[in-house]
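Text of query-v1.txt, listed as compact mmCIF, C-alpha atoms:
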```txt
# COMPACT_ATOMS: atom_id res chain seq x y z
CA MET A 1 -221.50 11.33 -48.23
CA SER A 2 -223.55 8.36 -47.09
CA ASN A 3 -224.52 5.85 -49.75
CA GLU A 4 -227.77 4.42 -48.39
CA ARG A 5 -228.33 1.90 -51.15
CA SER A 6 -225.08 -0.04 -50.83
CA LEU A 7 -223.18 -2.13 -48.34
CA ALA A 8 -219.80 -1.19 -46.93
CA ALA A 9 -217.40 -3.60 -45.23
CA ALA A 10 -215.05 -2.96 -42.33
CA ILE A 11 -212.24 -5.22 -41.14
CA LEU A 12 -211.37 -4.82 -37.47
CA ALA A 13 -207.57 -4.82 -37.28
CA GLY A 14 -206.78 -2.96 -34.08
CA GLY A 15 -206.79 -5.78 -31.53
CA HIS A 16 -203.90 -6.57 -29.19
CA ALA A 17 -203.87 -10.34 -29.95
CA ARG A 18 -202.87 -11.05 -26.34
CA ARG A 19 -203.67 -14.76 -26.66
CA PHE A 20 -201.32 -14.92 -29.66
CA GLY A 21 -198.36 -13.11 -28.15
CA GLY A 22 -199.27 -9.80 -29.77
CA VAL A 23 -198.60 -10.96 -33.33
CA ASP A 24 -200.23 -9.37 -36.37
CA LYS A 25 -202.95 -11.93 -36.98
CA GLY A 26 -204.03 -10.33 -40.24
CA ALA A 27 -200.55 -10.89 -41.66
CA LEU A 28 -200.57 -14.62 -40.90
CA THR A 29 -200.79 -16.66 -44.08
CA VAL A 30 -203.49 -19.24 -44.75
CA GLY A 31 -203.42 -20.98 -48.08
CA GLY A 32 -200.33 -18.98 -49.05
CA GLN A 33 -201.98 -15.57 -48.58
CA PRO A 34 -202.19 -13.15 -45.62
CA ILE A 35 -205.55 -13.49 -43.91
CA ILE A 36 -206.36 -9.78 -44.20
CA GLN A 37 -205.62 -9.88 -47.93
CA ARG A 38 -207.87 -12.94 -48.37
CA LEU A 39 -210.63 -11.06 -46.59
CA ALA A 40 -210.13 -7.86 -48.55
CA ASP A 41 -210.25 -9.75 -51.84
CA VAL A 42 -213.55 -11.42 -50.90
CA LEU A 43 -215.10 -8.20 -49.62
CA ARG A 44 -214.10 -6.22 -52.71
CA ARG A 45 -216.09 -8.66 -54.83
CA VAL A 46 -219.19 -7.57 -52.91
CA THR A 47 -218.58 -3.86 -52.37
CA PRO A 48 -216.07 -1.18 -53.39
CA HIS A 49 -216.43 0.37 -49.93
CA VAL A 50 -213.92 -1.70 -47.92
CA PHE A 51 -211.88 -0.20 -45.09
CA ALA A 52 -210.13 -1.17 -41.86
CA VAL A 53 -210.70 -0.02 -38.31
CA GLY A 54 -207.36 0.21 -36.53
CA ASP A 55 -204.12 -1.11 -37.94
CA ARG A 56 -201.85 -1.86 -35.03
CA HIS A 57 -199.21 -3.59 -37.15
CA GLY A 58 -199.71 -2.06 -40.59
CA SER A 59 -201.01 -5.09 -42.48
CA ALA A 60 -204.29 -3.35 -43.39
CA ALA A 61 -202.52 -0.41 -45.03
CA ALA A 62 -200.15 -2.85 -46.75
CA SER A 63 -203.22 -4.51 -48.28
CA GLY A 64 -204.31 -1.20 -49.77
CA LEU A 65 -207.13 -0.58 -47.31
CA ARG A 66 -208.23 2.81 -46.05
CA VAL A 67 -207.62 2.82 -42.31
CA VAL A 68 -209.60 4.72 -39.68
CA PRO A 69 -208.60 4.87 -36.00
CA ASP A 70 -210.86 3.60 -33.22
CA ALA A 71 -213.29 6.31 -32.19
CA VAL A 72 -213.43 4.97 -28.62
CA ASP A 73 -210.38 3.81 -26.67
CA TYR A 74 -210.34 0.54 -24.73
CA GLY A 75 -213.74 -0.60 -25.89
CA GLY A 76 -212.63 -3.84 -27.51
CA ALA A 77 -214.49 -5.26 -30.47
CA LEU A 78 -217.65 -3.32 -29.59
CA ALA A 79 -215.74 -0.05 -30.00
CA GLY A 80 -214.48 -1.31 -33.35
CA ILE A 81 -218.03 -2.05 -34.47
CA TYR A 82 -219.12 1.43 -33.39
CA THR A 83 -216.25 3.03 -35.31
CA ALA A 84 -217.06 0.98 -38.41
CA ILE A 85 -220.66 2.20 -38.34
CA VAL A 86 -219.92 5.90 -37.84
CA GLU A 87 -217.05 5.94 -40.36
CA SER A 88 -218.90 3.96 -43.01
CA PRO A 89 -219.94 5.64 -46.27
CA SER A 90 -223.03 3.41 -46.38
CA GLU A 91 -226.16 2.97 -44.34
CA ARG A 92 -225.33 -0.71 -43.74
CA THR A 93 -221.89 -2.04 -42.82
CA LEU A 94 -220.60 -5.58 -42.66
CA VAL A 95 -218.09 -5.93 -39.82
CA VAL A 96 -215.59 -8.80 -39.81
CA GLY A 97 -212.53 -9.66 -37.73
CA CYS A 98 -209.12 -9.57 -39.40
CA ASP A 99 -208.44 -13.18 -38.36
CA MET A 100 -211.29 -14.93 -40.20
CA PRO A 101 -209.81 -16.57 -43.31
CA PHE A 102 -212.86 -18.51 -44.48
CA VAL A 103 -215.56 -15.87 -44.89
CA THR A 104 -217.14 -16.26 -48.34
CA GLU A 105 -218.64 -13.97 -50.94
CA GLU A 106 -221.80 -16.09 -51.16
CA PHE A 107 -222.48 -15.82 -47.44
CA ILE A 108 -221.94 -12.06 -47.36
CA ARG A 109 -224.38 -11.61 -50.23
CA TYR A 110 -226.92 -13.72 -48.36
CA LEU A 111 -226.59 -11.54 -45.25
CA ASP A 112 -226.87 -8.39 -47.36
CA ALA A 113 -230.18 -9.57 -48.82
CA LEU A 114 -231.80 -9.66 -45.37
CA ASP A 115 -233.57 -6.50 -44.24
CA ALA A 116 -232.97 -5.50 -40.62
CA ASP A 117 -231.00 -3.08 -38.47
CA VAL A 118 -228.74 -5.97 -37.46
CA VAL A 119 -228.19 -9.19 -39.39
CA MET A 120 -226.22 -11.56 -37.19
CA PRO A 121 -225.37 -15.25 -37.59
CA ARG A 122 -225.89 -17.57 -34.64
CA SER A 123 -223.67 -20.62 -34.91
CA ALA A 124 -223.36 -23.55 -32.52
CA SER A 125 -220.94 -21.35 -30.54
CA GLY A 126 -223.44 -18.50 -30.21
CA TYR A 127 -223.84 -15.11 -31.84
CA GLU A 128 -221.16 -14.07 -34.33
CA PRO A 129 -220.94 -10.26 -34.01
CA LEU A 130 -217.75 -10.09 -36.06
CA CYS A 131 -219.40 -11.43 -39.16
CA ALA A 132 -222.55 -9.35 -39.06
CA ILE A 133 -224.22 -6.40 -40.75
CA TYR A 134 -225.11 -3.26 -38.78
CA GLY A 135 -227.29 -0.36 -39.85
CA ARG A 136 -226.36 3.20 -38.94
CA VAL A 137 -229.16 3.21 -36.36
CA CYS A 138 -227.04 0.81 -34.26
CA ALA A 139 -224.44 3.46 -33.46
CA ALA A 140 -226.43 5.16 -30.70
CA PRO A 141 -227.25 2.06 -28.60
CA ILE A 142 -223.67 0.81 -28.97
CA LEU A 143 -222.28 4.13 -27.77
CA THR A 144 -224.68 4.00 -24.80
CA ARG A 145 -223.29 0.58 -23.88
CA LEU A 146 -219.70 1.75 -24.21
CA ARG A 147 -220.38 4.74 -21.96
CA ARG A 148 -221.78 2.35 -19.36
CA GLY A 149 -218.54 0.39 -19.53
CA GLU A 150 -220.13 -2.58 -21.30
CA ARG A 151 -218.00 -4.26 -23.95
CA GLN A 152 -219.95 -7.40 -24.88
CA ALA A 153 -220.47 -7.48 -28.64
CA ALA A 154 -222.42 -10.74 -28.78
CA VAL A 155 -225.53 -9.32 -27.11
CA PRO A 156 -228.53 -8.08 -29.14
CA LEU A 157 -228.87 -4.30 -29.22
CA GLU A 158 -231.78 -2.64 -27.47
CA GLY A 159 -234.29 -0.89 -29.72
CA THR A 160 -233.10 -2.43 -33.00
CA ARG A 161 -234.62 -4.92 -35.42
CA MET A 162 -232.41 -7.97 -35.63
CA VAL A 163 -232.54 -10.91 -38.01
CA GLU A 164 -230.82 -13.98 -36.65
CA VAL A 165 -229.27 -16.36 -39.19
CA GLY A 166 -229.50 -19.74 -37.50
CA GLN A 167 -227.65 -23.00 -37.85
CA HIS A 168 -230.04 -24.47 -40.41
CA GLU A 169 -229.45 -21.53 -42.76
CA LEU A 170 -225.72 -21.50 -42.03
CA ALA A 171 -225.33 -25.15 -43.04
CA ALA A 172 -226.02 -24.30 -46.68
CA PHE A 173 -223.02 -21.95 -46.73
CA ASP A 174 -220.72 -23.80 -44.34
CA PRO A 175 -220.82 -27.57 -44.94
CA GLN A 176 -217.26 -28.02 -43.62
CA GLY A 177 -217.64 -25.82 -40.54
CA LEU A 178 -215.05 -23.27 -41.66
CA LEU A 179 -217.01 -20.04 -41.94
CA PHE A 180 -216.42 -18.62 -38.46
CA VAL A 181 -213.01 -20.11 -37.77
CA ASN A 182 -210.62 -17.47 -36.46
CA VAL A 183 -207.01 -17.48 -35.30
CA ASN A 184 -207.07 -16.17 -31.75
CA THR A 185 -204.26 -18.50 -30.63
CA PRO A 186 -201.35 -20.44 -32.17
CA HIS A 187 -203.51 -23.57 -31.81
CA ASP A 188 -206.30 -21.90 -33.81
CA TYR A 189 -203.80 -20.94 -36.51
CA ALA A 190 -202.48 -24.48 -36.81
CA ARG A 191 -206.07 -25.73 -37.02
CA ALA A 192 -206.91 -23.21 -39.78
CA GLU A 193 -203.90 -24.36 -41.80
CA ARG A 194 -204.96 -27.99 -41.42
CA MET A 195 -208.51 -27.12 -42.43
CA ILE A 196 -207.53 -25.36 -45.62
CA ALA A 197 -205.12 -28.17 -46.50
CA ARG A 198 -207.95 -30.67 -46.00
CA ALA A 199 -210.39 -28.54 -48.00
CA THR A 200 -207.86 -28.16 -50.82
CA ALA A 201 -207.25 -31.90 -50.90
CA THR A 202 -211.01 -32.55 -51.01
CA THR A 203 -211.43 -30.12 -53.90
CA LEU A 204 -208.58 -31.70 -55.84
CA THR A 205 -209.98 -35.19 -55.25
CA LYS A 206 -213.40 -34.11 -56.51
CA LYS A 207 -211.83 -32.54 -59.59
CA ILE A 208 -209.92 -35.73 -60.36
CA ASP A 209 -213.11 -37.78 -59.90
CA ASP A 210 -215.04 -35.40 -62.17
CA ASP A 211 -212.31 -35.62 -64.81
CA ARG A 212 -212.47 -39.42 -64.68
CA ILE A 213 -216.24 -39.35 -65.17
CA THR A 214 -215.80 -36.99 -68.13
CA ASP A 215 -213.18 -39.28 -69.68
CA VAL A 216 -215.38 -42.38 -69.47
```
Could you render the structure as structure tokens?
Amino acid sequence: MSNERSLAAAILAGGHARRFGGVDKGALTVGGQPIIQRLADVLRRVTPHVFAVGDRHGSAAASGLRVVPDAVDYGGALAGIYTAIVESPSERTLVVGCDMPFVTEEFIRYLDALDADVVMPRSASGYEPLCAIYGRVCAAPILTRLRRGERQAAVPLEGTRMVEVGQHELAAFDPQGLLFVNVNTPHDYARAERMIARATATTLTKKIDDDRITDV
């Protein structure tokens, strides 16, 4: 039964990871934890309705997630978004990629507070369709696109109300530029590991400085 007053969250985990040699990107560890588990832990703090679309390697099921198969074959991320919407128990569904280790609870809650059919960030790199919220009304125009053979996810949907979260708003939640980092390639993975090591070191330094101030 649809729960129209709550948010659900879907992790897309059915990709082929061709640029990463076909590895299970969700199982890669960042900060000592598999990325998909990091994501699931964050999402479960926002909603109890967390599931995965696709699970090519099994890491989603290993993380305790309910897994649903892609409803449309060979449609890429757009097909995953469509499946997330139609399989969701809620009217609104946050869709995230399984290779995004730095998505935060605070940012998700901010997106959830915005009222629109689509709530999509727009970073310096462009639209971020795999960290966006979709209403159930989005299913029909997405299916129309898929039937036309179109697979672009980062294109606004016809006939829907979209709120764009721009760079000025994003800066408040992403001062270190980590929010939309993903691990599409081995280079991206190495960069993510360096970023979390740097962020951890910064946090520890701040804590030491705060402790010194307290001791004075």
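Atom pair atom CA of Arg109 of chain A / atom CA of Phe173 of chain A has a distance of 11.0 Å (rounded to one decimal).
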| field | Separation of atom CA of Pro186 of chain A from atom CA of Pro121 of chain A, in Å and rounded to one decimal | value | 25.2 Å
| task | Identify which of the residues A:Pro175, A:Gly76, A:Gly32, A:Gly135 lies closest to Gly97 of chain A, counting only C-alpha atoms when measuring atom-to-atom distances. | result | A:Gly76
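All residues of protein, DNA or RNA that reach within 7 Å of Thr104 of chain A, judged by only C-alpha atoms and not counting those fewer than 3 positions away in the chain, are A:Val42, A:Phe107, A:Ile108.
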Deliver the residues from the most recent selection as a file, using C-alpha atoms, as an mmCIF file, in the frame of the given file.
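For reference, selection.cif as written:
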```
data_model
loop_
_atom_site.group_PDB
_atom_site.id
_atom_site.type_symbol
_atom_site.label_atom_id
_atom_site.label_comp_id
_atom_site.auth_asym_id
_atom_site.auth_seq_id
_atom_site.Cartn_x
_atom_site.Cartn_y
_atom_site.Cartn_z
ATOM 1 C CA VAL A 42 -213.550 -11.420 -50.900
ATOM 2 C CA PHE A 107 -222.480 -15.820 -47.440
ATOM 3 C CA ILE A 108 -221.940 -12.060 -47.360
#
```
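Atom CA of Val30 of chain A is positioned 7.2 Å from atom CA of Ala192 of chain A.
Nearest to Leu65 of chain A of all the residues A:Ala52, A:Met120, A:Cys138, A:Leu111 is A:Ala52, counting only C-alpha atoms.
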| message | Which residues are close to Ala40 of chain A, i.e. within 12 Å by only C-alpha atoms, leaving aside same-chain residues fewer than 2 positions away? Reply as a PyMOL selection string. | response | chain A and resi 8-13+26+33-38+42-52+59-66+95-105
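Ranking A:Glu106, A:Glu158, A:Glu169, A:Glu128 by their shortest atom-to-atom distance to Ala140 of chain A, with all atoms listed in the file included, puts A:Glu158 first.
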| query | Could you name the residues that touch Gln167 of chain A at 7 Å or less, counting all atoms listed in the file, but leaving out those on the same chain fewer than 2 positions away, as a ChimeraX atom specification? | reply | /A:122-124,165,169-171
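Near segment 84-89 of chain A, within a cut-off of 8 Å and counting only C-alpha atoms, sit the residues Met1, Ser2, Asn3, Ala8, Ala10, His49, Val53, Val68, Gly80, Ile81, Tyr82, Glu91, Arg92, Thr93, Val95, Tyr134, Gly135, Arg136, Cys138 and Ala139 of chain A, with same-chain residues fewer than 2 positions away left out.
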For the residues in that selection, give me C-alpha atoms as a PDB file, keeping the file's coordinate frame.
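Generated file (selection_9.pdb):
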```
ATOM      1  CA  MET A   1    -221.500  11.330 -48.230  1.00  0.00           C
ATOM      2  CA  SER A   2    -223.550   8.360 -47.090  1.00  0.00           C
ATOM      3  CA  ASN A   3    -224.520   5.850 -49.750  1.00  0.00           C
ATOM      4  CA  ALA A   8    -219.800  -1.190 -46.930  1.00  0.00           C
ATOM      5  CA  ALA A  10    -215.050  -2.960 -42.330  1.00  0.00           C
ATOM      6  CA  HIS A  49    -216.430   0.370 -49.930  1.00  0.00           C
ATOM      7  CA  VAL A  53    -210.700  -0.020 -38.310  1.00  0.00           C
ATOM      8  CA  VAL A  68    -209.600   4.720 -39.680  1.00  0.00           C
ATOM      9  CA  GLY A  80    -214.480  -1.310 -33.350  1.00  0.00           C
ATOM     10  CA  ILE A  81    -218.030  -2.050 -34.470  1.00  0.00           C
ATOM     11  CA  TYR A  82    -219.120   1.430 -33.390  1.00  0.00           C
ATOM     12  CA  GLU A  91    -226.160   2.970 -44.340  1.00  0.00           C
ATOM     13  CA  ARG A  92    -225.330  -0.710 -43.740  1.00  0.00           C
ATOM     14  CA  THR A  93    -221.890  -2.040 -42.820  1.00  0.00           C
ATOM     15  CA  VAL A  95    -218.090  -5.930 -39.820  1.00  0.00           C
ATOM     16  CA  TYR A 134    -225.110  -3.260 -38.780  1.00  0.00           C
ATOM     17  CA  GLY A 135    -227.290  -0.360 -39.850  1.00  0.00           C
ATOM     18  CA  ARG A 136    -226.360   3.200 -38.940  1.00  0.00           C
ATOM     19  CA  CYS A 138    -227.040   0.810 -34.260  1.00  0.00           C
ATOM     20  CA  ALA A 139    -224.440   3.460 -33.460  1.00  0.00           C
TER      21      ALA A 139
END
```
| said: Set the distance at 12 Å and use only C-alpha atoms: which residues neighbour Leu157 of chain A once local chain neighbours fewer than 4 positions away are removed? I'd like the list as a PyMOL selection string. | reply: chain A and resi 78+117-120+129+134-135+137-145+150+152-153+161-163
